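coords.txt (compact mmCIF, C-alpha atoms)
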# COMPACT_ATOMS: atom_id res chain seq x y z
CA MET U 1 0.00 0.00 0.00
CA SER U 2 2.74 2.49 0.93
CA LEU U 3 4.48 2.02 -2.40
CA PHE U 4 1.23 2.63 -4.26
CA VAL U 5 0.57 5.82 -2.25
CA ILE U 6 4.10 7.11 -2.97
CA CYS U 7 3.81 6.30 -6.68
CA THR U 8 0.42 8.05 -6.88
CA PHE U 9 1.89 11.18 -5.31
CA LEU U 10 4.94 11.22 -7.60
CA VAL U 11 2.90 10.67 -10.77
CA LEU U 12 0.44 13.45 -9.91
CA ALA U 13 3.24 15.82 -8.89
CA PHE U 14 5.16 15.26 -12.13
CA LEU U 15 1.94 15.77 -14.11
CA GLY U 16 1.77 19.26 -12.63
CA MET U 17 -0.87 18.90 -9.90
CA PRO U 18 -0.12 21.21 -6.91
CA LEU U 19 1.77 19.27 -4.25
CA ALA U 20 -0.86 19.79 -1.54
CA PHE U 21 -3.56 18.26 -3.76
CA SER U 22 -1.22 15.49 -4.90
CA LEU U 23 -0.82 14.56 -1.22
CA GLY U 24 -4.59 14.78 -0.73
CA VAL U 25 -5.40 12.44 -3.61
CA SER U 26 -2.67 10.05 -2.44
CA ALA U 27 -4.21 10.05 1.05
CA LEU U 28 -7.66 9.25 -0.38
CA VAL U 29 -6.24 6.42 -2.48
CA GLY U 30 -4.40 5.01 0.53
CA LEU U 31 -7.48 5.14 2.78
CA TRP U 32 -9.53 3.39 0.09
CA MET U 33 -6.90 0.67 -0.35
CA ALA U 34 -6.68 0.17 3.43
CA GLY U 35 -10.45 -0.27 3.67
CA PHE U 36 -11.13 2.86 5.78
CA ASP U 37 -14.31 4.88 5.57
CA LEU U 38 -13.36 8.08 3.73
CA LEU U 39 -15.26 10.09 6.35
CA VAL U 40 -12.27 9.65 8.66
CA LEU U 41 -10.31 12.08 6.47
CA PRO U 42 -11.90 15.46 7.51
CA PRO U 43 -11.31 15.04 11.28
CA ARG U 44 -7.74 13.86 10.63
CA LEU U 45 -7.09 16.97 8.53
CA MET U 46 -8.48 19.25 11.23
CA ASN U 47 -6.52 17.56 14.02
CA ALA U 48 -3.28 17.83 12.01
CA VAL U 49 -3.41 21.63 11.70
CA ASN U 50 -5.10 22.34 15.04
CA SER U 51 -1.73 23.00 16.64
CA PHE U 52 -0.48 26.01 18.62
CA PRO U 53 3.17 25.61 17.46
CA LEU U 54 2.09 25.79 13.81
CA MET U 55 0.83 29.34 14.36
CA SER U 56 4.45 30.48 14.46
CA ILE U 57 4.80 29.86 10.69
CA PRO U 58 2.30 32.52 9.49
CA LEU U 59 3.38 34.90 12.27
CA PHE U 60 7.05 34.76 11.25
CA MET U 61 5.99 35.24 7.62
CA ILE U 62 3.98 38.32 8.58
CA ALA U 63 6.92 39.70 10.58
CA GLY U 64 9.27 39.20 7.63
CA GLU U 65 6.88 40.87 5.18
CA LEU U 66 6.38 43.81 7.56
CA MET U 67 10.15 44.27 7.87
CA LEU U 68 10.49 44.32 4.09
CA LYS U 69 7.62 46.76 3.59
CA GLY U 70 8.95 48.93 6.42
CA GLY U 71 12.18 49.83 4.62
CA ILE U 72 14.47 47.64 6.67
CA MET U 73 16.28 46.51 3.50
CA ASP U 74 17.71 49.99 2.93
CA ARG U 75 19.15 50.14 6.45
CA LEU U 76 20.71 46.69 6.11
CA VAL U 77 22.41 47.70 2.84
CA ASP U 78 23.71 50.96 4.32
CA PHE U 79 24.99 49.07 7.38
CA ALA U 80 26.82 46.54 5.19
CA ASN U 81 28.32 49.28 3.00
CA ALA U 82 29.75 51.06 6.02
CA PHE U 83 31.62 47.94 7.16
CA ILE U 84 32.79 46.62 3.77
CA GLY U 85 34.22 49.87 2.43
CA ARG U 86 36.07 50.14 -0.86
CA MET U 87 37.27 46.74 -2.05
CA ARG U 88 37.10 44.40 -5.03
CA GLY U 89 33.74 42.66 -5.10
CA GLY U 90 32.56 44.90 -2.27
CA LEU U 91 29.00 45.30 -3.53
CA ALA U 92 28.64 41.51 -3.83
CA GLN U 93 29.74 41.17 -0.22
CA VAL U 94 27.20 43.81 0.73
CA ALA U 95 24.56 41.54 -0.81
CA ILE U 96 25.76 38.58 1.30
CA ILE U 97 25.69 40.68 4.50
CA SER U 98 22.23 41.97 3.60
CA GLY U 99 21.06 38.39 3.02
CA ALA U 100 22.37 37.34 6.43
CA GLY U 101 20.67 40.35 8.02
CA LEU U 102 17.36 39.52 6.35
CA ALA U 103 17.75 35.88 7.41
CA SER U 104 17.94 36.96 11.04
CA VAL U 105 14.52 38.62 10.83
CA SER U 106 12.54 36.67 8.21
CA GLY U 107 13.72 33.05 8.13
CA ALA U 108 12.27 32.46 4.66
CA ALA U 109 14.46 32.04 1.58
CA VAL U 110 11.74 32.90 -0.95
CA ALA U 111 10.88 36.22 0.71
CA ASP U 112 14.58 37.08 1.00
CA ALA U 113 15.18 36.20 -2.66
CA SER U 114 12.34 38.46 -3.72
CA ALA U 115 13.56 41.38 -1.60
CA LEU U 116 17.22 41.08 -2.58
CA SER U 117 16.47 40.59 -6.29
CA SER U 118 14.29 43.68 -6.55
CA THR U 119 16.52 45.98 -4.47
CA LEU U 120 20.13 44.94 -5.11
CA VAL U 121 20.35 43.37 -8.57
CA PRO U 122 19.91 46.70 -10.47
CA SER U 123 23.03 48.07 -8.75
CA LEU U 124 24.98 44.81 -8.81
CA LYS U 125 24.60 44.18 -12.53
CA LYS U 126 26.09 47.57 -13.41
CA GLN U 127 29.42 46.37 -12.00
CA TYR U 128 29.34 42.59 -12.37
CA GLY U 129 26.82 41.77 -15.08
CA LEU U 130 23.48 40.04 -14.58
CA GLY U 131 24.78 36.46 -14.18
CA PHE U 132 27.12 36.90 -11.22
CA SER U 133 24.78 39.43 -9.61
CA THR U 134 21.85 37.01 -9.57
CA GLY U 135 24.07 34.13 -8.43
CA VAL U 136 25.19 36.15 -5.42
CA VAL U 137 21.62 37.17 -4.58
CA ALA U 138 20.37 33.57 -4.84
CA ALA U 139 23.14 32.38 -2.51
CA ALA U 140 22.48 35.21 -0.02
CA ALA U 141 18.76 34.38 0.04
CA ASN U 142 19.54 30.74 0.78
CA LEU U 143 20.96 31.78 4.16
CA GLY U 144 17.36 32.44 5.26
CA PRO U 145 16.38 28.93 6.44
CA ILE U 146 19.80 28.28 8.05
CA ILE U 147 20.35 31.36 10.22
CA PRO U 148 17.62 31.51 12.91
CA PRO U 149 14.73 32.15 13.06
CA SER U 150 13.96 29.57 10.36
CA GLY U 151 10.56 28.54 9.07
CA ALA U 152 12.05 25.30 7.75
CA MET U 153 13.32 24.38 11.22
CA ILE U 154 9.88 25.05 12.72
CA VAL U 155 8.27 22.67 10.22
CA TYR U 156 10.95 20.03 10.89
CA ALA U 157 10.54 20.29 14.67
CA PHE U 158 6.75 19.97 14.35
CA MET U 159 6.99 16.88 12.13
CA ALA U 160 9.70 15.29 14.33
CA GLY U 161 7.66 15.59 17.52
CA SER U 162 8.79 16.16 21.08
CA SER U 163 12.35 14.87 20.55
CA VAL U 164 13.35 18.11 18.78
CA SER U 165 12.80 21.62 20.18
CA VAL U 166 12.53 24.66 17.95
CA GLY U 167 14.94 26.63 20.14
CA GLY U 168 17.53 23.84 20.06
CA LEU U 169 17.29 23.59 16.28
CA PHE U 170 17.66 27.37 16.01
CA MET U 171 20.86 27.22 18.06
CA ALA U 172 22.13 24.29 15.97
CA GLY U 173 22.06 26.55 12.91
CA VAL U 174 24.06 29.44 14.37
CA ILE U 175 27.67 28.20 14.00
CA PRO U 176 27.18 26.47 10.58
CA GLY U 177 25.27 29.54 9.40
CA LEU U 178 28.14 31.85 10.37
CA ILE U 179 30.68 29.52 8.71
CA LEU U 180 28.60 29.48 5.53
CA PHE U 181 28.23 33.26 5.65
CA ALA U 182 32.02 33.70 5.94
CA THR U 183 32.59 31.18 3.13
CA PHE U 184 30.24 33.09 0.81
CA MET U 185 32.10 36.33 1.63
CA VAL U 186 35.45 34.76 0.73
CA LEU U 187 33.98 33.26 -2.47
CA CYS U 188 32.72 36.67 -3.59
CA TRP U 189 36.16 38.18 -3.05
CA LEU U 190 37.94 35.34 -4.89
CA ILE U 191 35.61 35.46 -7.89
CA ALA U 192 35.85 39.27 -8.06
CA TRP U 193 39.66 39.09 -7.85
CA LYS U 194 39.87 36.35 -10.51
CA ARG U 195 37.58 38.24 -12.91
CA ASP U 196 39.19 41.59 -12.10
CA TYR U 197 35.94 43.29 -11.18
CA PRO U 198 36.33 47.01 -10.33
CA LEU U 199 36.70 48.35 -6.81
CA SER U 200 33.45 49.55 -5.32
CA GLY U 201 32.16 51.27 -2.21
CA ASN U 202 33.40 54.15 -0.10
CA PRO U 203 36.41 54.05 2.25
CA VAL U 204 35.69 52.72 5.73
CA THR U 205 35.48 55.46 8.35
CA LEU U 206 34.65 55.18 12.02
CA ARG U 207 32.12 57.97 11.65
CA ASN U 208 30.14 56.08 8.97
CA ILE U 209 30.27 52.85 10.94
CA LEU U 210 28.97 54.48 14.11
CA ARG U 211 26.24 56.33 12.20
CA GLU U 212 24.94 53.21 10.45
CA LEU U 213 25.28 51.15 13.61
CA ARG U 214 23.10 53.66 15.41
CA ARG U 215 20.52 53.63 12.58
CA SER U 216 20.44 49.82 12.38
CA PHE U 217 20.65 49.02 16.08
CA VAL U 218 16.88 48.78 16.55
CA VAL U 219 16.65 46.44 13.54
CA PHE U 220 19.14 43.97 14.98
CA LEU U 221 17.35 44.05 18.31
CA MET U 222 14.56 42.00 16.76
CA PRO U 223 16.46 38.68 16.45
CA VAL U 224 18.01 39.31 19.85
CA ILE U 225 14.58 39.75 21.46
CA VAL U 226 12.78 36.99 19.55
CA ILE U 227 15.46 34.29 19.41
CA GLY U 228 16.85 35.22 22.81
CA GLY U 229 13.40 34.98 24.35
CA ILE U 230 12.73 31.57 22.80
CA VAL U 231 16.11 30.17 23.84
CA ALA U 232 15.84 31.62 27.37
CA GLY U 233 12.40 30.10 27.78
CA ALA U 234 10.66 33.45 28.22
CA PHE U 235 8.16 32.49 25.54
CA THR U 236 7.46 29.74 23.02
CA ALA U 237 8.31 29.93 19.32
CA THR U 238 4.71 30.95 18.57
CA GLU U 239 4.73 33.68 21.20
CA GLY U 240 8.15 34.80 19.94
CA ALA U 241 6.74 35.08 16.42
CA ALA U 242 3.90 37.24 17.76
CA VAL U 243 6.45 39.46 19.52
CA GLY U 244 8.28 39.71 16.19
CA VAL U 245 5.10 40.90 14.46
CA CYS U 246 4.51 43.59 17.11
CA TYR U 247 8.13 44.73 16.93
CA SER U 248 8.00 44.85 13.10
CA LEU U 249 4.89 47.04 13.26
CA PHE U 250 6.64 49.33 15.75
CA LEU U 251 9.72 49.67 13.49
CA GLY U 252 7.71 50.24 10.32
CA PHE U 253 5.33 52.83 11.76
CA PHE U 254 7.49 54.73 14.27
CA VAL U 255 11.19 54.17 13.40
CA THR U 256 11.56 53.96 9.60
CA ARG U 257 8.05 55.44 9.07
CA GLN U 258 7.82 53.70 5.68
CA LEU U 259 5.08 51.23 6.61
CA LYS U 260 1.55 52.39 5.79
CA LEU U 261 -1.83 51.07 6.84
CA SER U 262 -2.53 50.44 3.15
CA ASP U 263 0.38 47.95 3.10
CA LEU U 264 -1.17 45.67 5.72
CA PRO U 265 -3.76 43.91 3.49
CA GLU U 266 -1.04 42.89 1.02
CA VAL U 267 1.22 41.69 3.86
CA LEU U 268 -1.57 39.60 5.38
CA LEU U 269 -2.64 38.20 2.01
CA THR U 270 0.91 37.14 1.10
CA ALA U 271 1.40 35.44 4.45
CA ALA U 272 -2.03 33.79 4.23
CA LYS U 273 -1.32 32.30 0.80
CA THR U 274 1.97 30.74 1.87
CA SER U 275 0.60 29.58 5.22
CA ALA U 276 -2.45 28.00 3.58
CA LEU U 277 -0.20 26.04 1.23
CA VAL U 278 1.99 24.77 4.06
CA GLY U 279 -1.06 24.01 6.22
CA ALA U 280 -2.76 22.04 3.45
CA MET U 281 0.38 19.97 2.89
CA ILE U 282 0.71 19.25 6.61
CA ALA U 283 -2.97 18.26 6.87
CA PHE U 284 -2.90 15.84 3.95
CA ALA U 285 0.57 14.54 4.84
CA SER U 286 -0.65 13.60 8.31
CA THR U 287 -3.00 11.06 6.72
CA VAL U 288 -0.26 9.76 4.43
CA THR U 289 2.02 9.39 7.46
CA PHE U 290 -0.76 7.52 9.30
CA LEU U 291 -1.05 5.12 6.36
CA PHE U 292 2.73 4.59 6.34
CA THR U 293 2.59 3.83 10.07
CA ILE U 294 -0.16 1.19 9.85
CA ASP U 295 1.72 -0.34 6.93
CA MET U 296 4.83 -0.51 9.17
CA LEU U 297 6.87 1.41 6.57
CA PRO U 298 9.21 3.14 9.09
CA PHE U 299 10.11 -0.23 10.64
CA LYS U 300 10.62 -1.82 7.23
CA LEU U 301 12.88 1.06 6.17
CA ALA U 302 14.80 0.87 9.43
CA GLY U 303 15.36 -2.84 8.97
CA LEU U 304 16.41 -2.36 5.36
CA LEU U 305 18.88 0.43 6.15
CA GLN U 306 20.32 -1.29 9.21
CA GLY U 307 20.71 -4.46 7.15
CA PHE U 308 22.60 -2.42 4.59
CA THR U 309 24.83 -0.66 7.11
CA ASP U 310 25.03 -0.33 10.88
CA ASN U 311 27.39 2.68 10.67
CA PRO U 312 25.73 6.02 11.61
CA PHE U 313 27.99 8.02 9.27
CA ALA U 314 27.18 5.73 6.35
CA PHE U 315 23.48 6.21 7.16
CA LEU U 316 23.94 10.00 7.09
CA CYS U 317 25.68 9.69 3.71
CA LEU U 318 22.77 7.63 2.34
CA ILE U 319 20.27 10.21 3.59
CA ALA U 320 22.36 13.04 2.09
CA VAL U 321 22.39 11.36 -1.33
CA MET U 322 18.66 10.66 -1.15
CA LEU U 323 17.85 14.24 -0.14
CA LEU U 324 20.12 15.55 -2.92
CA VAL U 325 17.86 13.77 -5.42
CA VAL U 326 14.65 14.67 -3.57
CA GLY U 327 15.66 18.34 -3.31
CA MET U 328 16.21 18.51 -7.07
CA PHE U 329 12.65 17.43 -7.85
CA LEU U 330 10.43 18.10 -4.82
CA GLU U 331 9.49 21.34 -3.04
CA SER U 332 11.20 21.47 0.35
CA ASN U 333 8.09 21.84 2.55
CA ALA U 334 6.57 18.73 0.97
CA ALA U 335 9.84 16.88 1.59
CA TYR U 336 9.87 17.83 5.29
CA ILE U 337 6.28 16.83 5.76
CA MET U 338 6.57 13.47 4.01
CA LEU U 339 10.08 12.35 4.94
CA VAL U 340 10.77 13.60 8.48
CA PRO U 341 8.28 11.19 10.13
CA LEU U 342 9.95 8.34 8.23
CA PHE U 343 13.65 9.05 8.73
CA HIS U 344 13.81 10.90 12.05
CA PRO U 345 12.90 7.76 14.10
CA ILE U 346 15.44 5.72 12.12
CA ALA U 347 18.17 8.26 12.89
CA MET U 348 17.31 7.92 16.58
CA GLN U 349 17.80 4.14 16.30
CA TYR U 350 21.28 4.80 14.96
CA GLY U 351 22.00 6.89 18.04
CA ILE U 352 22.39 10.13 16.08
CA ASP U 353 21.76 13.32 18.04
CA PRO U 354 18.26 14.57 17.02
CA LEU U 355 19.44 18.17 16.64
CA HIS U 356 22.42 17.05 14.54
CA PHE U 357 20.22 15.00 12.22
CA GLY U 358 17.57 17.72 12.08
CA PHE U 359 20.01 20.41 11.02
CA LEU U 360 21.62 18.15 8.39
CA PHE U 361 18.17 17.34 7.03
CA VAL U 362 17.27 21.02 6.78
CA LEU U 363 20.60 22.00 5.20
CA ASN U 364 20.25 19.22 2.61
CA LEU U 365 16.88 20.50 1.48
CA VAL U 366 17.96 24.15 1.64
CA ILE U 367 20.69 23.31 -0.88
CA GLY U 368 17.97 21.72 -3.03
CA MET U 369 16.24 25.12 -3.21
CA LEU U 370 19.27 26.33 -5.19
CA THR U 371 19.64 23.21 -7.33
CA PRO U 372 17.98 22.65 -10.74
CA PRO U 373 15.57 21.58 -12.09
CA VAL U 374 13.05 22.52 -9.35
CA GLY U 375 15.07 24.90 -7.18
CA VAL U 376 12.44 27.38 -6.02
CA ILE U 377 15.01 30.15 -5.40
CA LEU U 378 16.17 29.88 -9.01
CA PHE U 379 12.65 30.44 -10.31
CA VAL U 380 12.03 33.41 -8.00
CA VAL U 381 15.28 35.15 -9.02
CA CYS U 382 14.73 34.40 -12.72
CA GLY U 383 11.17 35.70 -12.57
CA ILE U 384 12.14 39.01 -10.96
CA THR U 385 15.41 39.78 -12.76
CA GLY U 386 14.83 38.18 -16.18
CA VAL U 387 18.13 36.26 -16.08
CA LYS U 388 18.21 32.99 -18.04
CA MET U 389 18.06 29.85 -15.93
CA GLY U 390 21.24 28.39 -17.45
CA GLU U 391 23.25 31.54 -16.69
CA LEU U 392 21.98 31.67 -13.10
CA VAL U 393 22.77 28.00 -12.50
CA ARG U 394 26.27 28.43 -13.91
CA GLU U 395 26.98 31.35 -11.56
CA SER U 396 25.41 29.59 -8.56
CA TRP U 397 27.58 26.45 -8.68
CA PRO U 398 30.48 27.80 -6.55
CA PHE U 399 28.00 28.62 -3.79
CA ILE U 400 26.28 25.23 -4.09
CA VAL U 401 29.66 23.48 -3.80
CA ALA U 402 30.44 25.59 -0.72
CA MET U 403 27.15 24.55 0.88
CA TYR U 404 27.90 20.88 0.27
CA ALA U 405 31.34 21.37 1.78
CA ILE U 406 29.73 22.82 4.94
CA LEU U 407 27.27 19.90 4.95
CA LEU U 408 30.17 17.42 4.83
CA LEU U 409 31.97 19.34 7.60
CA CYS U 410 28.88 19.11 9.82
CA MET U 411 28.51 15.39 9.09
CA ILE U 412 32.14 14.60 9.97
CA PHE U 413 32.29 16.92 13.00
CA PRO U 414 28.89 16.86 14.77
CA GLY U 415 30.18 19.30 17.38
CA VAL U 416 29.95 22.10 14.82
CA VAL U 417 26.18 21.67 15.06
CA THR U 418 25.66 20.42 18.60
CA TRP U 419 28.20 22.43 20.63
CA LEU U 420 26.11 25.59 21.02
CA PRO U 421 22.78 23.83 21.74
CA GLU U 422 24.51 21.73 24.40
CA ARG U 423 25.95 24.86 26.03
CA MET U 424 22.48 26.40 25.99
CA GLY U 425 21.01 23.38 27.79
CA TYR U 426 19.37 21.57 24.87
Represent the structure contained in this file as structure tokens.
Amino acid sequence: MSLFVICTFLVLAFLGMPLAFSLGVSALVGLWMAGFDLLVLPPRLMNAVNSFPLMSIPLFMIAGELMLKGGIMDRLVDFANAFIGRMRGGLAQVAIISGAGLASVSGAAVADASALSSTLVPSLKKQYGLGFSTGVVAAAANLGPIIPPSGAMIVYAFMAGSSVSVGGLFMAGVIPGLILFATFMVLCWLIAWKRDYPLSGNPVTLRNILRELRRSFVVFLMPVIVIGGIVAGAFTATEGAAVGVCYSLFLGFFVTRQLKLSDLPEVLLTAAKTSALVGAMIAFASTVTFLFTIDMLPFKLAGLLQGFTDNPFAFLCLIAVMLLVVGMFLESNAAYIMLVPLFHPIAMQYGIDPLHFGFLFVLNLVIGMLTPPVGVILFVVCGITGVKMGELVRESWPFIVAMYAILLLCMIFPGVVTWLPERMGY
């Protein structure tokens, strides 16, 4: 039965049916094959999404949209410019810093890609051409789900159950996220030096740094308040997301004064569309997961994998290869929802730290967002900037290779991921 359900989903998805509905039809087919009354489906769907932690997803999306509408992007760019100064590839490095700054307040790669593409690419392409400019922006946007707060990590923690906390997963992403950020900065400088791109930016002065630090200080207070509050236990991830929304409204209306009441309907509608899509996938996937459970699929997979290898590192390598393929063809939220309930329990049987496995899982699928043929970031950047897909992919490869190198580093040295969460009591 499980194989038939999986095949039904894949066929419908490749035929172009939206993934949420592909999951729904697969769930109906599975229930029919298992002999269940189809009336059991509506209450299962309602129970799946009737969850307080899931409210954090739309709230973080609203906070991110409010920050973008409120003119925060301009302050992040000015802040980055003040610190980078006049150097080769300086504007590209400004884009990476801006991406990291956006990641610390939005946690969503698609929103970051949209903001960076529309605001930075016009300036970048004057110095570097459209290809490299869009490659840098796509890489910077992909920092969103890695540097906390991360919507992807919230979905993973929800699907994994009580063995993974959102705060612990957030902390697991801090050190790898900073390493990846530094690697992207070095890559931009190397590529600019190799291609002899012109010097850009203004000389670094203490006066400019202090001025931009003062202007941007209230912006960077948001991740400190939200993430710090979640980690310290002052509030849950959902309550932290609500605090983020209130703080974003305060910044937009009273600090930058660029947010207008007329912007709020668009912000709410954008967040509602994305949240509805994620919610529908979670609801239908809960039934598919139930069918997998009664068919004993997790136990069968565990037996198969443990019969193939009893080495935890070999298991992680197998999962990495599988997720490489999955990420190339399947939207990441659908992958979390379908695969986490299957492979998270197996990883626990191998004795792998749940936060270590969770972060590796997220990073694998985040890389898939930048990998053809179905990399969602590629389509967003192409749609906004008009760059050809082939040119964008060619310029993105150095950053994709860097991300896989960080993935391998985290697999070989688990402490890179687990050291900070352990120090924070997770």
Kindly provide the residues of segment 121-199 of chain U that approach segment 373-384 of chain U to within 10 Å, each paired with its closest atom pair and their distance in Å to one decimal, based on all atoms listed in the file, listed by chain and increasing number, as a tab-separated table.
residue	atom	partner	partner_atom	distance
U:Val121	CA	U:Ile384	CA	9.6
U:Thr134	CA	U:Val381	CA	6.9
U:Gly135	CA	U:Val381	CA	8.9
U:Val137	CA	U:Val381	CA	8.0
U:Ala138	CA	U:Ile377	CA	6.4
U:Ala139	CA	U:Ile377	CA	8.9
U:Ala141	CA	U:Ile377	CA	7.8
U:Asn142	CA	U:Ile377	CA	7.7
- Looking at only C-alpha atoms, which of U:Val387, U:Ile72, U:Leu316, U:Met281 is the one that sits closest to Ser216 of chain U?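 Answer, going by the shortest atom-to-atom distance: U:Ile72.
Between atom CA of Pro53 of chain U and atom CA of Ile282 of chain U the separation is 12.8 Å.
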- Message: Report as JSON, numbers by chain all protein, DNA and RNA residues lying within 8 Å of His344 of chain U, evaluated on all atoms listed in the file, omitting residues in the same chain fewer than 3 positions from it.
- Response: {"U": [160, 340, 341, 347, 348, 354, 357, 358]}
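Distances to Asn208 of chain U were evaluated for U:Ile84, U:Met61, U:Leu420, U:Ile346 using all atoms listed in the file, and the minimum falls at U:Ile84.
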- Query: Between atom CA of Gly168 of chain U and atom CA of Tyr426 of chain U, what is the spacing in Å?
  - Reply: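 Taking atom CA of Tyr426 of chain U as the start and atom CA of Gly168 of chain U as the end point, the length is 5.6 Å.
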- Query: Neighbours of Leu187 of chain U within 10 Å (only C-alpha atoms; same-chain residues fewer than 6 positions away dropped), as a VMD selection string?
  - Reply: chain U and resid 89 92 to 93 136 181 193 398 to 399 402
- atom CA of Phe184 of chain U to atom CA of Leu339 of chain U measures 29.2 Å
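Using only C-alpha atoms, the shortest contact distance between Ala34 of chain U and any of U:Leu15, U:Ala242, U:Ala232, U:Val5 is found at U:Val5.
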- Message: Just checking: using all atoms listed in the file, which residue out of U:Ala271, U:Ala314, U:Ile191, U:Ala276 ends up closest to Glu395 of chain U?
- Response: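 Using all atoms listed in the file, Glu395 of chain U sits closest to U:Ile191.
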Work out where the centre of an axis-aligned box around every listed atom of segment 331-347 of chain U lies and how long its edges are once 8 Å is added on each side; give both in Å to one decimal as lines of an AutoDock Vina configuration file.
center_x = 12.2
center_y = 13.8
center_z = 5.5
size_x = 27.9
size_y = 32.1
size_z = 33.1
- Item | Nearest candidate to Leu323 of chain U (options U:Leu363, U:Ile96, U:Val29, U:Leu291; using all atoms listed in the file) |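 Checking each candidate against Leu323 of chain U, we get U:Leu363 as the closest.
Minimum distance to Leu38 of chain U across U:Pro414, U:Gly177, U:Ser56, U:Thr287 (counting all atoms listed in the file) occurs at U:Thr287.
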- Tell me, as a PyMOL selection string, which residues lie within 12 Å of Met171 of chain U, counting only C-alpha atoms; anything in the same chain fewer than 3 positions away does not count. chain U and resi 146-150+153+164-168+174-178+227-228+230-232+355-356+358-359+416-426
- Query: Counting only C-alpha atoms, what is within 12 Å of Leu76 of chain U, bar same-chain residues fewer than 2 positions away, as a count of residues only?
  - Reply: 38
- Query: Any idea what's packed within 8 Å of Ser2 of chain U, counting all atoms listed in the file, ignoring anything in its chain fewer than 5 positions away? Could you give it as an NGL selection string?
  - Reply: :U and (30 or 291-292 or 295 or 297)
Output requested as a PDB file, in the coordinates of the input - segment 23-38 of chain U, filled out with N, CA and C atoms.
ATOM      1  N   LEU U  23      -0.813  15.266  -2.508  1.00  0.00           N
ATOM      2  CA  LEU U  23      -0.820  14.560  -1.220  1.00  0.00           C
ATOM      3  C   LEU U  23      -2.238  14.165  -0.840  1.00  0.00           C
ATOM      4  N   GLY U  24      -3.206  15.062  -1.081  1.00  0.00           N
ATOM      5  CA  GLY U  24      -4.590  14.780  -0.730  1.00  0.00           C
ATOM      6  C   GLY U  24      -5.153  13.595  -1.500  1.00  0.00           C
ATOM      7  N   VAL U  25      -4.919  13.561  -2.799  1.00  0.00           N
ATOM      8  CA  VAL U  25      -5.400  12.440  -3.610  1.00  0.00           C
ATOM      9  C   VAL U  25      -4.710  11.146  -3.187  1.00  0.00           C
ATOM     10  N   SER U  26      -3.409  11.232  -2.904  1.00  0.00           N
ATOM     11  CA  SER U  26      -2.670  10.050  -2.440  1.00  0.00           C
ATOM     12  C   SER U  26      -3.252   9.525  -1.130  1.00  0.00           C
ATOM     13  N   ALA U  27      -3.615  10.451  -0.228  1.00  0.00           N
ATOM     14  CA  ALA U  27      -4.210  10.050   1.050  1.00  0.00           C
ATOM     15  C   ALA U  27      -5.542   9.353   0.822  1.00  0.00           C
ATOM     16  N   LEU U  28      -6.381   9.883  -0.078  1.00  0.00           N
ATOM     17  CA  LEU U  28      -7.660   9.250  -0.380  1.00  0.00           C
ATOM     18  C   LEU U  28      -7.477   7.850  -0.959  1.00  0.00           C
ATOM     19  N   VAL U  29      -6.511   7.729  -1.874  1.00  0.00           N
ATOM     20  CA  VAL U  29      -6.240   6.420  -2.480  1.00  0.00           C
ATOM     21  C   VAL U  29      -5.773   5.429  -1.412  1.00  0.00           C
ATOM     22  N   GLY U  30      -4.898   5.882  -0.524  1.00  0.00           N
ATOM     23  CA  GLY U  30      -4.400   5.010   0.530  1.00  0.00           C
ATOM     24  C   GLY U  30      -5.493   4.563   1.489  1.00  0.00           C
ATOM     25  N   LEU U  31      -6.372   5.499   1.892  1.00  0.00           N
ATOM     26  CA  LEU U  31      -7.480   5.140   2.780  1.00  0.00           C
ATOM     27  C   LEU U  31      -8.404   4.125   2.116  1.00  0.00           C
ATOM     28  N   TRP U  32      -8.672   4.325   0.831  1.00  0.00           N
ATOM     29  CA  TRP U  32      -9.530   3.390   0.090  1.00  0.00           C
ATOM     30  C   TRP U  32      -8.902   2.006   0.022  1.00  0.00           C
ATOM     31  N   MET U  33      -7.587   1.958  -0.265  1.00  0.00           N
ATOM     32  CA  MET U  33      -6.900   0.670  -0.350  1.00  0.00           C
ATOM     33  C   MET U  33      -6.852  -0.037   1.008  1.00  0.00           C
ATOM     34  N   ALA U  34      -6.749   0.753   2.089  1.00  0.00           N
ATOM     35  CA  ALA U  34      -6.680   0.170   3.430  1.00  0.00           C
ATOM     36  C   ALA U  34      -8.043  -0.219   3.975  1.00  0.00           C
ATOM     37  N   GLY U  35      -9.114   0.114   3.233  1.00  0.00           N
ATOM     38  CA  GLY U  35     -10.450  -0.270   3.670  1.00  0.00           C
ATOM     39  C   GLY U  35     -11.079   0.676   4.673  1.00  0.00           C
ATOM     40  N   PHE U  36     -10.557   1.899   4.826  1.00  0.00           N
ATOM     41  CA  PHE U  36     -11.130   2.860   5.780  1.00  0.00           C
ATOM     42  C   PHE U  36     -12.313   3.589   5.151  1.00  0.00           C
ATOM     43  N   ASP U  37     -13.242   3.991   5.993  1.00  0.00           N
ATOM     44  CA  ASP U  37     -14.310   4.880   5.570  1.00  0.00           C
ATOM     45  C   ASP U  37     -13.683   6.252   5.273  1.00  0.00           C
ATOM     46  N   LEU U  38     -13.977   6.818   4.117  1.00  0.00           N
ATOM     47  CA  LEU U  38     -13.360   8.080   3.730  1.00  0.00           C
ATOM     48  C   LEU U  38     -13.795   9.244   4.624  1.00  0.00           C
TER      49      LEU U  38
END
